[in-house]
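Undergrad: Got a structure for you, questions after.
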Amino acid sequence: MTDEEDDLDEELTKETVESKLYSNIDALEKQKIDNKRIRLIDDSKRRSTLNSVFDERTIYQLTKLEKNGPLIKIEGMISAGKEANVYLGYDQDGKEVAIKIYKIDNNTSKWMRNYIVGDPRFKKVPHNISKIIFLWASKEYKNLKRAHKVGLRVPKPIFIKNNILIMEYIGDGPNPAPRLKDIKELKNISLLFEDILSFIKNLYQKANLVHGDLSEFNILYNNQYPVVIDVSQAVTTQHPKAEVYLARDIKNVFTYFGRIGLKLPNPQEFYFEVIKHE
Ligand SMILES: Nc1ncnc2c1ncn2[C@@H]1O[C@H](COP(=O)(O)OP(=O)(O)OP(=O)(O)O)[C@@H](O)[C@H]1O
Ligand SMILES: [Mg+2]
């Protein structure tokens with residue numbers, strides 16, 4: 001038990017916190033937001049959804065964030081994944097934020113180790129499952145910060161605590177931006193491709209990072225620009241596997257654009273162009 005958990009006052013029991021979250025979600029359902037992608041949590045799935053992601057400690061943290069800032073409330077779920085769920089929330093100014101909550105899961109923590117070991121920013125790798133997940137979430141926060149600082153299009157990181165990451169919301173009102181994968185007919189394909197190549201290059205040369213899971217699944221399309229998300233597994237360019245991950249990212253992007261009909265340049269040449277400054 002940490003000091004923070006010790007001061008868990010009666011007001012914040014699991015029951016009251018859950019019912020608070022439920023009532024937020026109820027309110028959202030009443031608003032009947034016209035949105036295909038935000039999944040409103042229905043009654044039958046509600047308890048299992050919340051219980052699977054929100055362990056007691058996470059629920060406690062979320063309520064604290066709602067009580068003391070920076071959050072006002074959590075609304076609909078944008079995405080439910082294996083490792084994390086992403087929610088739409090609002091900050092104290094009523095502005096939308098995206099809240100990514102990592103699940104505390106043993107299998108996940110096992111493969112996460114591969115990306116943490118070898119990264120000079122993380123000298124000691126914890127054994128405890130929650131600590132690995134917290135480190136992972138903080139890694140995503142740090143990677144976002146690094147990329148954002150050099151002017152790359154990623155969501156601006158706002159807050160990190162344990163397994164809860166709050167970042168800039170990419171979307172239009174209640175509608176989160178679609179992933180490239182979800183778009184049927186893309187316009188200006190070659191410009192978009194150039195933008196993504198320059199993202200890869202600048203991420204490597206200016207932020208000293210390799211994304212490591214770049215594909216049409218992790219690129220949002222917002223006002224005709226790509227915004228790259230899901231940077232938790234990104235490694236520094238010194239990581240022993242950085243170049244393998246870079247080659248894989250390039251391959252994914254080229255494969256996708258080839259499939260949608262773009263005439264591609266030589267991927268190897270691009271790879272050497274990215275790494276050449278070293
Ligand atoms: N900042 C954001 N603004 C709007 N939508 C977002 C944002 N971040 C993530 N999303 C949405 O949530 C989805 C999942 O996010 P992300 O890719 O970061 O998680 P993930 O690690 O892939 O989760 P999993 O692999 O467990 O499915 C994205 O595909 C996107 O639709
Ligand atoms: Mg993803």
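Following the order of the structure tokens, chains are lettered A, B, ..., residues in each are numbered from 1, and ligands are numbered from 1.
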Which residues form the shell of 7 Å around ligand 2 when you count only C-alpha atoms and all ligand atoms, given as a CSV table (one decimal) with N, CA and C atoms, in the first residue's frame?

TA:
chain,number,residue,atom,x,y,z
A,217,PHE,N,-2.8,1.0,-39.0
A,217,PHE,CA,-3.6,0.8,-37.8
A,217,PHE,C,-3.2,1.9,-36.8
A,218,ASN,N,-2.0,2.4,-36.8
A,218,ASN,CA,-1.6,3.4,-35.8
A,218,ASN,C,-1.3,4.8,-36.4
A,230,ASP,N,0.1,5.5,-30.7
A,230,ASP,CA,0.6,4.3,-30.2
A,230,ASP,C,2.1,4.1,-30.2

Undergrad: Which residues are near ligand 1 in this structure, taking near to mean any atom at most 10 Å from a ligand atom and counting only C-alpha atoms and all ligand atoms? Format them as JSON, numbers by chain.

TA: {"A": [37, 38, 77, 78, 79, 80, 81, 82, 83, 84, 85, 86, 87, 88, 96, 97, 98, 99, 100, 101, 102, 103, 108, 140, 154, 155, 156, 157, 165, 166, 167, 168, 169, 170, 171, 172, 174, 175, 176, 177, 178, 179, 180, 181, 182, 213, 214, 216, 217, 218, 219, 220, 222, 227, 228, 229, 230, 231, 232, 233]}

Undergrad: Residues at most 9 Å from Asp91 in chain A, counting only C-alpha atoms, excluding those fewer than 4 positions away in the same chain, as a count of residues only?

TA: 9

Undergrad: Fewer than 6 positions away in the same chain doesn't count, so skip those; otherwise give me all residues within 10 Å of range 257-266 of chain A, counting only C-alpha atoms, as a PyMOL selection string.

TA: chain A and resi 184-186+189-190+192-193+216

Undergrad: Can you tell me, as a list in words, which residues in range 69-112 of chain A count as strand (DSSP E) by DSSP?

TA: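 Of range 69-112 of chain A, only Leu71, Ile72, Lys73, Ile74, Glu75, Gly76, Met77, Ile78, Ser79, Ala80, Ala84, Asn85, Val86, Tyr87, Leu88, Gly89, Tyr90, Asp91, Glu96, Val97, Ala98, Ile99, Lys100, Ile101 and Tyr102 of chain A fall in strand (DSSP E).
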